[in-house]
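A.B. asks: Below is the file model_31.cif, with mmCIF, N, CA and C atoms.
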```
data_data
#
loop_
_atom_site.label_atom_id
_atom_site.label_comp_id
_atom_site.auth_asym_id
_atom_site.auth_seq_id
_atom_site.Cartn_x
_atom_site.Cartn_y
_atom_site.Cartn_z
N MET A 1243 168.84 151.44 235.11
CA MET A 1243 168.72 152.64 234.31
C MET A 1243 169.81 153.64 234.66
N PHE A 1244 170.14 153.73 235.94
CA PHE A 1244 171.16 154.68 236.38
C PHE A 1244 172.40 153.95 236.87
N ASN A 1245 172.83 152.94 236.15
CA ASN A 1245 173.98 152.15 236.59
C ASN A 1245 175.29 152.90 236.52
N ASP A 1246 175.41 153.84 235.60
CA ASP A 1246 176.69 154.51 235.43
C ASP A 1246 176.70 155.93 235.99
N ILE A 1247 175.73 156.28 236.81
CA ILE A 1247 175.71 157.60 237.44
C ILE A 1247 176.19 157.44 238.87
N GLY A 1248 177.23 158.18 239.22
CA GLY A 1248 177.80 158.12 240.56
C GLY A 1248 177.04 159.02 241.53
N PRO A 1249 177.37 158.91 242.82
CA PRO A 1249 176.67 159.71 243.82
C PRO A 1249 176.88 161.22 243.64
N LEU A 1250 178.08 161.63 243.28
CA LEU A 1250 178.34 163.05 243.07
C LEU A 1250 177.54 163.59 241.89
N GLU A 1251 177.44 162.81 240.83
CA GLU A 1251 176.65 163.23 239.66
C GLU A 1251 175.17 163.31 240.01
N LEU A 1252 174.69 162.38 240.83
CA LEU A 1252 173.28 162.39 241.23
C LEU A 1252 172.97 163.63 242.08
N VAL A 1253 173.86 163.97 243.01
CA VAL A 1253 173.67 165.16 243.82
C VAL A 1253 173.68 166.41 242.94
N THR A 1254 174.57 166.44 241.97
CA THR A 1254 174.64 167.58 241.04
C THR A 1254 173.34 167.72 240.26
N LEU A 1255 172.77 166.61 239.81
CA LEU A 1255 171.51 166.66 239.08
C LEU A 1255 170.36 167.14 239.96
N VAL A 1256 170.33 166.71 241.21
CA VAL A 1256 169.28 167.15 242.13
C VAL A 1256 169.39 168.64 242.39
N VAL A 1257 170.59 169.14 242.64
CA VAL A 1257 170.80 170.58 242.89
C VAL A 1257 170.42 171.37 241.64
N LEU A 1258 170.80 170.89 240.49
CA LEU A 1258 170.47 171.57 239.24
C LEU A 1258 168.96 171.60 239.02
N ALA A 1259 168.27 170.49 239.33
CA ALA A 1259 166.81 170.44 239.18
C ALA A 1259 166.13 171.41 240.13
N VAL A 1260 166.62 171.51 241.35
CA VAL A 1260 166.05 172.45 242.31
C VAL A 1260 166.25 173.88 241.83
N LEU A 1261 167.43 174.17 241.28
CA LEU A 1261 167.70 175.53 240.78
C LEU A 1261 166.85 175.87 239.56
N VAL A 1262 166.66 174.90 238.66
CA VAL A 1262 165.94 175.18 237.41
C VAL A 1262 164.43 175.26 237.67
N PHE A 1263 163.87 174.26 238.37
CA PHE A 1263 162.42 174.20 238.53
C PHE A 1263 161.93 174.86 239.82
N GLY A 1264 162.79 174.98 240.78
CA GLY A 1264 162.40 175.56 242.06
C GLY A 1264 161.81 174.50 242.97
N PRO A 1265 161.88 174.72 244.26
CA PRO A 1265 161.38 173.70 245.21
C PRO A 1265 159.87 173.52 245.16
N ASP A 1266 159.13 174.51 244.66
CA ASP A 1266 157.67 174.39 244.60
C ASP A 1266 157.20 173.51 243.45
N LYS A 1267 157.83 173.66 242.28
CA LYS A 1267 157.39 172.92 241.09
C LYS A 1267 158.09 171.57 240.93
N LEU A 1268 159.14 171.32 241.67
CA LEU A 1268 159.93 170.10 241.50
C LEU A 1268 159.11 168.83 241.73
N PRO A 1269 158.27 168.71 242.78
CA PRO A 1269 157.48 167.47 242.93
C PRO A 1269 156.54 167.20 241.75
N LYS A 1270 155.93 168.25 241.20
CA LYS A 1270 155.04 168.07 240.05
C LYS A 1270 155.82 167.62 238.81
N VAL A 1271 157.02 168.17 238.62
CA VAL A 1271 157.85 167.78 237.49
C VAL A 1271 158.26 166.31 237.63
N ILE A 1272 158.62 165.90 238.84
CA ILE A 1272 159.00 164.50 239.07
C ILE A 1272 157.81 163.57 238.79
N GLN A 1273 156.61 163.95 239.21
CA GLN A 1273 155.42 163.15 238.94
C GLN A 1273 155.16 163.04 237.44
N ASP A 1274 155.32 164.14 236.72
CA ASP A 1274 155.11 164.12 235.27
C ASP A 1274 156.11 163.21 234.57
N VAL A 1275 157.36 163.30 234.99
CA VAL A 1275 158.40 162.46 234.39
C VAL A 1275 158.12 160.99 234.68
N MET A 1276 157.76 160.67 235.90
CA MET A 1276 157.47 159.28 236.25
C MET A 1276 156.25 158.76 235.49
N ARG A 1277 155.24 159.58 235.31
CA ARG A 1277 154.05 159.18 234.56
C ARG A 1277 154.42 158.92 233.10
N THR A 1278 155.26 159.77 232.53
CA THR A 1278 155.69 159.58 231.14
C THR A 1278 156.48 158.28 230.99
N ILE A 1279 157.39 158.02 231.92
CA ILE A 1279 158.18 156.78 231.86
C ILE A 1279 157.27 155.57 231.98
N ARG A 1280 156.28 155.63 232.89
CA ARG A 1280 155.34 154.53 233.06
C ARG A 1280 154.55 154.28 231.78
N LYS A 1281 154.11 155.35 231.10
CA LYS A 1281 153.36 155.20 229.85
C LYS A 1281 154.22 154.59 228.75
N ILE A 1282 155.47 155.02 228.69
CA ILE A 1282 156.38 154.46 227.68
C ILE A 1282 156.58 152.96 227.93
N ARG A 1283 156.75 152.57 229.20
CA ARG A 1283 156.92 151.14 229.51
C ARG A 1283 155.67 150.35 229.15
N GLU A 1284 154.50 150.88 229.46
CA GLU A 1284 153.25 150.20 229.12
C GLU A 1284 153.11 150.05 227.61
N PHE A 1285 153.44 151.10 226.88
CA PHE A 1285 153.38 151.04 225.41
C PHE A 1285 154.34 149.98 224.88
N SER A 1286 155.54 149.95 225.44
CA SER A 1286 156.54 148.98 225.00
C SER A 1286 156.08 147.55 225.28
N GLU A 1287 155.57 147.30 226.47
CA GLU A 1287 155.09 145.95 226.81
C GLU A 1287 153.90 145.56 225.93
N GLY A 1288 153.01 146.52 225.63
CA GLY A 1288 151.88 146.24 224.75
C GLY A 1288 152.34 145.89 223.34
N ALA A 1289 153.36 146.61 222.85
CA ALA A 1289 153.89 146.33 221.52
C ALA A 1289 154.55 144.95 221.49
N LYS A 1290 155.28 144.60 222.54
CA LYS A 1290 155.91 143.29 222.60
C LYS A 1290 154.86 142.18 222.60
N GLN A 1291 153.80 142.39 223.37
CA GLN A 1291 152.72 141.38 223.45
C GLN A 1291 152.03 141.24 222.10
N ASP A 1292 151.80 142.36 221.40
CA ASP A 1292 151.18 142.29 220.07
C ASP A 1292 152.06 141.53 219.09
N ILE A 1293 153.36 141.76 219.14
CA ILE A 1293 154.28 141.05 218.25
C ILE A 1293 154.27 139.56 218.55
N ARG A 1294 154.28 139.20 219.84
CA ARG A 1294 154.23 137.77 220.20
C ARG A 1294 152.94 137.12 219.71
N ASN A 1295 151.81 137.84 219.84
CA ASN A 1295 150.54 137.29 219.37
C ASN A 1295 150.53 137.12 217.86
N GLU A 1296 151.14 138.04 217.14
CA GLU A 1296 151.16 137.97 215.67
C GLU A 1296 152.11 136.87 215.17
N LEU A 1297 153.18 136.59 215.92
CA LEU A 1297 154.13 135.56 215.49
C LEU A 1297 153.55 134.17 215.59
N GLY A 1298 152.64 133.97 216.51
CA GLY A 1298 151.99 132.67 216.62
C GLY A 1298 152.57 131.81 217.72
N PRO A 1299 152.00 130.61 217.88
CA PRO A 1299 152.41 129.74 219.00
C PRO A 1299 153.82 129.16 218.85
N GLU A 1300 154.35 129.08 217.65
CA GLU A 1300 155.69 128.52 217.50
C GLU A 1300 156.78 129.44 218.05
N PHE A 1301 156.43 130.71 218.27
CA PHE A 1301 157.39 131.66 218.85
C PHE A 1301 156.98 132.05 220.27
N LYS A 1302 156.35 131.14 221.00
CA LYS A 1302 155.87 131.49 222.33
C LYS A 1302 157.01 131.76 223.31
N ASP A 1303 158.19 131.13 223.10
CA ASP A 1303 159.30 131.37 224.01
C ASP A 1303 160.29 132.39 223.46
N PHE A 1304 159.87 133.18 222.49
CA PHE A 1304 160.71 134.21 221.89
C PHE A 1304 160.93 135.34 222.89
N GLU A 1305 162.18 135.73 223.07
CA GLU A 1305 162.53 136.84 223.96
C GLU A 1305 163.18 137.94 223.14
N PHE A 1306 162.76 139.16 223.37
CA PHE A 1306 163.32 140.29 222.62
C PHE A 1306 164.76 140.57 223.00
N GLU A 1307 165.17 140.13 224.18
CA GLU A 1307 166.56 140.30 224.59
C GLU A 1307 167.49 139.46 223.71
N ASP A 1308 166.95 138.40 223.08
CA ASP A 1308 167.76 137.57 222.20
C ASP A 1308 168.17 138.30 220.93
N LEU A 1309 167.51 139.41 220.63
CA LEU A 1309 167.88 140.18 219.45
C LEU A 1309 169.18 140.95 219.66
N ASN A 1310 169.60 141.11 220.91
CA ASN A 1310 170.89 141.71 221.21
C ASN A 1310 171.97 140.69 220.82
N PRO A 1311 172.92 141.06 219.97
CA PRO A 1311 173.91 140.07 219.50
C PRO A 1311 174.70 139.41 220.63
N ARG A 1312 175.05 140.15 221.67
CA ARG A 1312 175.79 139.54 222.78
C ARG A 1312 174.97 138.44 223.46
N THR A 1313 173.72 138.74 223.73
CA THR A 1313 172.86 137.77 224.39
C THR A 1313 172.64 136.56 223.49
N PHE A 1314 172.43 136.79 222.21
CA PHE A 1314 172.19 135.69 221.28
C PHE A 1314 173.41 134.77 221.20
N ILE A 1315 174.60 135.35 221.07
CA ILE A 1315 175.82 134.54 220.95
C ILE A 1315 176.07 133.78 222.24
N ARG A 1316 175.89 134.45 223.39
CA ARG A 1316 176.10 133.79 224.68
C ARG A 1316 175.13 132.61 224.83
N LYS A 1317 173.89 132.81 224.43
CA LYS A 1317 172.89 131.74 224.53
C LYS A 1317 173.25 130.58 223.61
N GLN A 1318 173.73 130.87 222.41
CA GLN A 1318 174.09 129.81 221.47
C GLN A 1318 175.33 129.06 221.92
N LEU A 1319 176.29 129.76 222.54
CA LEU A 1319 177.50 129.10 223.00
C LEU A 1319 177.24 128.26 224.25
N ASP A 1320 176.27 128.66 225.08
CA ASP A 1320 175.93 127.86 226.25
C ASP A 1320 175.21 126.58 225.86
N ASN A 1321 174.55 126.59 224.71
CA ASN A 1321 173.89 125.40 224.21
C ASN A 1321 174.98 124.43 223.77
N ASP A 1322 175.03 123.24 224.33
CA ASP A 1322 176.15 122.34 224.09
C ASP A 1322 175.85 121.31 223.01
N GLU A 1323 175.05 121.68 222.00
CA GLU A 1323 174.78 120.74 220.91
C GLU A 1323 176.02 120.53 220.03
N LEU A 1324 176.88 121.53 219.95
CA LEU A 1324 178.05 121.43 219.10
C LEU A 1324 179.25 120.82 219.81
N GLY A 1325 179.17 120.59 221.11
CA GLY A 1325 180.29 120.03 221.85
C GLY A 1325 181.37 121.06 222.13
N LEU A 1326 181.00 122.33 222.24
CA LEU A 1326 181.98 123.39 222.45
C LEU A 1326 182.61 123.34 223.83
N LYS A 1327 181.87 122.85 224.82
CA LYS A 1327 182.44 122.79 226.17
C LYS A 1327 183.60 121.81 226.22
N GLU A 1328 183.48 120.71 225.49
CA GLU A 1328 184.56 119.73 225.45
C GLU A 1328 185.78 120.31 224.75
N ILE A 1329 185.55 121.02 223.67
CA ILE A 1329 186.66 121.65 222.94
C ILE A 1329 187.31 122.71 223.81
N ARG A 1330 186.49 123.52 224.48
CA ARG A 1330 187.01 124.59 225.33
C ARG A 1330 187.83 124.03 226.49
N SER A 1331 187.38 122.90 227.07
CA SER A 1331 188.10 122.33 228.20
C SER A 1331 189.40 121.66 227.75
N SER A 1332 189.46 121.16 226.53
CA SER A 1332 190.68 120.50 226.06
C SER A 1332 191.72 121.48 225.54
N PHE A 1333 191.34 122.72 225.34
CA PHE A 1333 192.26 123.72 224.80
C PHE A 1333 192.88 124.51 225.94
N ASP A 1334 194.20 124.41 226.09
CA ASP A 1334 194.92 125.13 227.13
C ASP A 1334 195.67 126.27 226.46
N LEU A 1335 195.16 127.47 226.60
CA LEU A 1335 195.72 128.63 225.90
C LEU A 1335 197.14 128.93 226.37
N LYS A 1336 197.41 128.84 227.66
CA LYS A 1336 198.75 129.14 228.17
C LYS A 1336 199.77 128.17 227.61
N LYS A 1337 199.41 126.90 227.54
CA LYS A 1337 200.33 125.90 227.02
C LYS A 1337 200.59 126.14 225.52
N GLU A 1338 199.54 126.43 224.78
CA GLU A 1338 199.69 126.70 223.35
C GLU A 1338 200.57 127.93 223.11
N MET A 1339 200.34 128.99 223.88
CA MET A 1339 201.14 130.21 223.71
C MET A 1339 202.59 129.97 224.09
N ALA A 1340 202.84 129.16 225.12
CA ALA A 1340 204.21 128.85 225.52
C ALA A 1340 204.92 128.07 224.41
N GLU A 1341 204.22 127.13 223.80
CA GLU A 1341 204.81 126.37 222.71
C GLU A 1341 205.12 127.25 221.51
N ILE A 1342 204.23 128.18 221.19
CA ILE A 1342 204.46 129.08 220.07
C ILE A 1342 205.64 130.00 220.37
N THR A 1343 205.70 130.52 221.59
CA THR A 1343 206.80 131.40 221.97
C THR A 1343 208.12 130.66 221.91
N ASP A 1344 208.15 129.43 222.40
CA ASP A 1344 209.37 128.64 222.35
C ASP A 1344 209.80 128.37 220.92
N SER A 1345 208.84 128.08 220.04
CA SER A 1345 209.22 127.80 218.65
C SER A 1345 209.70 129.06 217.94
N VAL A 1346 209.14 130.21 218.30
CA VAL A 1346 209.58 131.46 217.69
C VAL A 1346 210.99 131.81 218.13
N HIS A 1347 211.29 131.59 219.40
CA HIS A 1347 212.61 131.91 219.93
C HIS A 1347 213.63 130.80 219.70
N GLY A 1348 213.22 129.71 219.11
CA GLY A 1348 214.15 128.63 218.78
C GLY A 1348 214.38 127.67 219.92
N ARG A 1349 213.67 127.83 221.01
CA ARG A 1349 213.80 126.89 222.12
C ARG A 1349 212.80 125.78 221.89
N GLU A 1350 213.09 124.64 222.50
CA GLU A 1350 212.16 123.53 222.39
C GLU A 1350 211.55 123.28 223.75
N SER A 1351 210.22 123.23 223.80
CA SER A 1351 209.54 122.93 225.06
C SER A 1351 209.45 121.43 225.21
N ASP A 1352 208.88 120.98 226.32
CA ASP A 1352 208.81 119.54 226.61
C ASP A 1352 208.01 118.80 225.55
N SER A 1353 206.81 119.28 225.27
CA SER A 1353 205.96 118.56 224.31
C SER A 1353 206.41 118.80 222.87
N SER A 1354 206.98 119.98 222.59
CA SER A 1354 207.40 120.23 221.22
C SER A 1354 208.68 119.48 220.88
N SER A 1355 209.53 119.20 221.90
CA SER A 1355 210.75 118.44 221.61
C SER A 1355 210.39 117.00 221.27
N VAL A 1356 209.39 116.45 221.93
CA VAL A 1356 208.95 115.10 221.61
C VAL A 1356 208.31 115.08 220.23
N ALA A 1357 207.49 116.09 219.94
CA ALA A 1357 206.84 116.17 218.64
C ALA A 1357 207.87 116.41 217.53
N ALA A 1358 208.89 117.22 217.80
CA ALA A 1358 209.92 117.49 216.79
C ALA A 1358 210.75 116.24 216.52
N ALA A 1359 211.06 115.47 217.56
CA ALA A 1359 211.82 114.25 217.36
C ALA A 1359 211.01 113.24 216.55
N ALA A 1360 209.74 113.16 216.84
CA ALA A 1360 208.89 112.23 216.10
C ALA A 1360 208.73 112.68 214.66
N SER A 1361 208.61 113.98 214.43
CA SER A 1361 208.42 114.45 213.07
C SER A 1361 209.71 114.38 212.27
N SER A 1362 210.88 114.49 212.92
CA SER A 1362 212.13 114.40 212.17
C SER A 1362 212.38 112.97 211.72
N ASP A 1363 211.91 112.00 212.51
CA ASP A 1363 212.08 110.61 212.12
C ASP A 1363 211.16 110.24 210.98
N SER A 1364 209.95 110.76 211.00
CA SER A 1364 208.96 110.36 210.00
C SER A 1364 208.70 111.44 208.97
N SER A 1365 209.57 112.44 208.88
CA SER A 1365 209.29 113.55 207.98
C SER A 1365 209.46 113.17 206.52
N GLY A 1366 210.35 112.29 206.22
CA GLY A 1366 210.52 111.84 204.85
C GLY A 1366 210.97 112.97 203.93
N GLY A 1367 211.91 113.81 204.37
CA GLY A 1367 212.42 114.88 203.53
C GLY A 1367 211.64 116.19 203.67
N ARG A 1368 210.68 116.25 204.54
CA ARG A 1368 209.93 117.49 204.74
C ARG A 1368 210.71 118.43 205.65
N ILE A 1369 210.45 119.71 205.49
CA ILE A 1369 211.11 120.72 206.31
C ILE A 1369 210.24 121.00 207.51
N ASP A 1370 210.83 120.99 208.69
CA ASP A 1370 210.10 121.30 209.91
C ASP A 1370 210.19 122.80 210.15
N MET A 1371 209.05 123.48 210.07
CA MET A 1371 209.03 124.93 210.19
C MET A 1371 209.19 125.41 211.63
N THR A 1372 209.05 124.49 212.60
CA THR A 1372 209.17 124.90 213.99
C THR A 1372 210.62 124.99 214.44
N LYS A 1373 211.50 124.32 213.71
CA LYS A 1373 212.92 124.36 214.08
C LYS A 1373 213.59 125.57 213.45
N LYS A 1374 214.53 126.11 214.18
CA LYS A 1374 215.31 127.23 213.67
C LYS A 1374 216.35 126.67 212.69
N PRO A 1375 216.49 127.31 211.53
CA PRO A 1375 217.47 126.80 210.58
C PRO A 1375 218.88 126.87 211.16
N GLU A 1376 219.64 125.83 210.89
CA GLU A 1376 221.00 125.76 211.42
C GLU A 1376 221.95 126.46 210.46
N THR A 1377 222.56 127.53 210.95
CA THR A 1377 223.54 128.26 210.15
C THR A 1377 224.80 128.38 210.96
N ALA A 1378 225.93 128.35 210.27
CA ALA A 1378 227.23 128.43 210.95
C ALA A 1378 227.43 129.83 211.54
N VAL A 1379 227.20 130.84 210.73
CA VAL A 1379 227.37 132.21 211.18
C VAL A 1379 226.03 132.90 211.04
N GLU A 1380 225.63 133.54 212.09
CA GLU A 1380 224.35 134.23 212.04
C GLU A 1380 224.53 135.53 211.27
N GLU A 1381 223.84 135.63 210.13
CA GLU A 1381 223.95 136.81 209.28
C GLU A 1381 222.84 137.78 209.59
N ARG A 1382 223.16 139.04 209.56
CA ARG A 1382 222.15 140.07 209.74
C ARG A 1382 221.50 140.35 208.40
N PRO A 1383 220.21 140.61 208.41
CA PRO A 1383 219.57 140.94 207.15
C PRO A 1383 220.07 142.29 206.65
N PRO A 1384 220.04 142.50 205.32
CA PRO A 1384 220.54 143.77 204.79
C PRO A 1384 219.70 144.94 205.29
N PHE A 1385 220.36 146.05 205.54
CA PHE A 1385 219.69 147.24 206.05
C PHE A 1385 219.46 148.20 204.89
N ASP A 1386 218.22 148.61 204.75
CA ASP A 1386 217.86 149.57 203.70
C ASP A 1386 217.38 150.84 204.36
N ALA A 1387 218.19 151.90 204.28
CA ALA A 1387 217.86 153.15 204.94
C ALA A 1387 216.63 153.82 204.32
N ASP A 1388 216.41 153.57 203.02
CA ASP A 1388 215.27 154.19 202.36
C ASP A 1388 213.95 153.53 202.77
N ALA A 1389 214.01 152.30 203.21
CA ALA A 1389 212.79 151.59 203.54
C ALA A 1389 212.23 152.03 204.89
N THR A 1390 213.04 152.64 205.72
CA THR A 1390 212.55 153.02 207.05
C THR A 1390 212.08 154.38 207.14
#
```
Could you spell out this file's structure in structure tokens?
C.D. replies:
Amino acid sequence: MFNDIGPLELVTLVVLAVLVFGPDKLPKVIQDVMRTIRKIREFSEGAKQDIRNELGPEFKDFEFEDLNPRTFIRKQLDNDELGLKEIRSSFDLKKEMAEITDSVHGRESDSSSVAAAASSDSSGGRIDMTKKPETAVEERPPFDADAT
């Protein structure tokens, strides 16, 4: 509940509570607040139990935390019915990004040079988009001052 409150903030709240309520009334105020929080929790648990009873036995393992989208997605991705772990393990993001960077800059990486050689032999007149076009003189694109 107080995960994001630091020690300095907590001390400030205690000093402020002592100043506002006074040292005599502060214990009673704390008891009232704790009683209210306890009642809210009991009401919440009772409502959850009523909903579970109304849903029936087919929803006996239903958890309200699953209604949070992050929890639901994490739970679905951990379920390996779709084979996502195999796909995730076979995908190397660093290698893919290096290949894309090399193709953008016109360099050929180890695996892309083999793939480019194979595709140039079997391309049958197709254009390879990963290769930089060969031009004798590198021309600059026209500059339009109004466009900038």
A.B. asks: Which value, in Å to one decimal, gives the distance between CA of Asn1310 in chain A and atom N of Glu1284 in chain A?
C.D. replies: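 Spanning CA of Asn1310 in chain A to atom N of Glu1284 in chain A is a straight-line distance of 20.5 Å.
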A.B. asks: State, in Å with one decimal place, the distance from atom C of Glu1341 in chain A to CA of Leu1319 in chain A.
C.D. replies: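 Distance reported for this atom pair: 27.7 Å.
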A.B. asks: Please indicate the distance in Å from atom C of Asp1274 in chain A to atom C of Ala1259 in chain A, rounded to one decimal place.
C.D. replies: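 Pair atom C of Asp1274 in chain A / atom C of Ala1259 in chain A returns 14.1 Å.
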A.B. asks: Can you fill out range 1253-1266 of chain A with N, CA, C and O atoms and hand it back as a CSV table (one decimal), in the frame of the given file?
C.D. replies:
```csv
chain,number,residue,atom,x,y,z
A,1253,VAL,N,173.9,164.0,243.0
A,1253,VAL,CA,173.7,165.2,243.8
A,1253,VAL,C,173.7,166.4,242.9
A,1253,VAL,O,172.9,167.3,243.1
A,1254,THR,N,174.6,166.4,242.0
A,1254,THR,CA,174.6,167.6,241.0
A,1254,THR,C,173.3,167.7,240.3
A,1254,THR,O,172.8,168.8,240.1
A,1255,LEU,N,172.8,166.6,239.8
A,1255,LEU,CA,171.5,166.7,239.1
A,1255,LEU,C,170.4,167.1,240.0
A,1255,LEU,O,169.5,167.9,239.5
A,1256,VAL,N,170.3,166.7,241.2
A,1256,VAL,CA,169.3,167.2,242.1
A,1256,VAL,C,169.4,168.6,242.4
A,1256,VAL,O,168.4,169.4,242.3
A,1257,VAL,N,170.6,169.1,242.6
A,1257,VAL,CA,170.8,170.6,242.9
A,1257,VAL,C,170.4,171.4,241.6
A,1257,VAL,O,169.7,172.4,241.7
A,1258,LEU,N,170.8,170.9,240.5
A,1258,LEU,CA,170.5,171.6,239.2
A,1258,LEU,C,169.0,171.6,239.0
A,1258,LEU,O,168.4,172.6,238.6
A,1259,ALA,N,168.3,170.5,239.3
A,1259,ALA,CA,166.8,170.4,239.2
A,1259,ALA,C,166.1,171.4,240.1
A,1259,ALA,O,165.2,172.1,239.7
A,1260,VAL,N,166.6,171.5,241.4
A,1260,VAL,CA,166.0,172.4,242.3
A,1260,VAL,C,166.2,173.9,241.8
A,1260,VAL,O,165.4,174.7,241.9
A,1261,LEU,N,167.4,174.2,241.3
A,1261,LEU,CA,167.7,175.5,240.8
A,1261,LEU,C,166.8,175.9,239.6
A,1261,LEU,O,166.4,177.0,239.4
A,1262,VAL,N,166.7,174.9,238.7
A,1262,VAL,CA,165.9,175.2,237.4
A,1262,VAL,C,164.4,175.3,237.7
A,1262,VAL,O,163.8,176.2,237.2
A,1263,PHE,N,163.9,174.3,238.4
A,1263,PHE,CA,162.4,174.2,238.5
A,1263,PHE,C,161.9,174.9,239.8
A,1263,PHE,O,160.8,175.2,239.9
A,1264,GLY,N,162.8,175.0,240.8
A,1264,GLY,CA,162.4,175.6,242.1
A,1264,GLY,C,161.8,174.5,243.0
A,1264,GLY,O,161.3,173.5,242.5
A,1265,PRO,N,161.9,174.7,244.3
A,1265,PRO,CA,161.4,173.7,245.2
A,1265,PRO,C,159.9,173.5,245.2
A,1265,PRO,O,159.4,172.5,245.6
A,1266,ASP,N,159.1,174.5,244.7
A,1266,ASP,CA,157.7,174.4,244.6
A,1266,ASP,C,157.2,173.5,243.4
A,1266,ASP,O,156.3,172.7,243.6
```
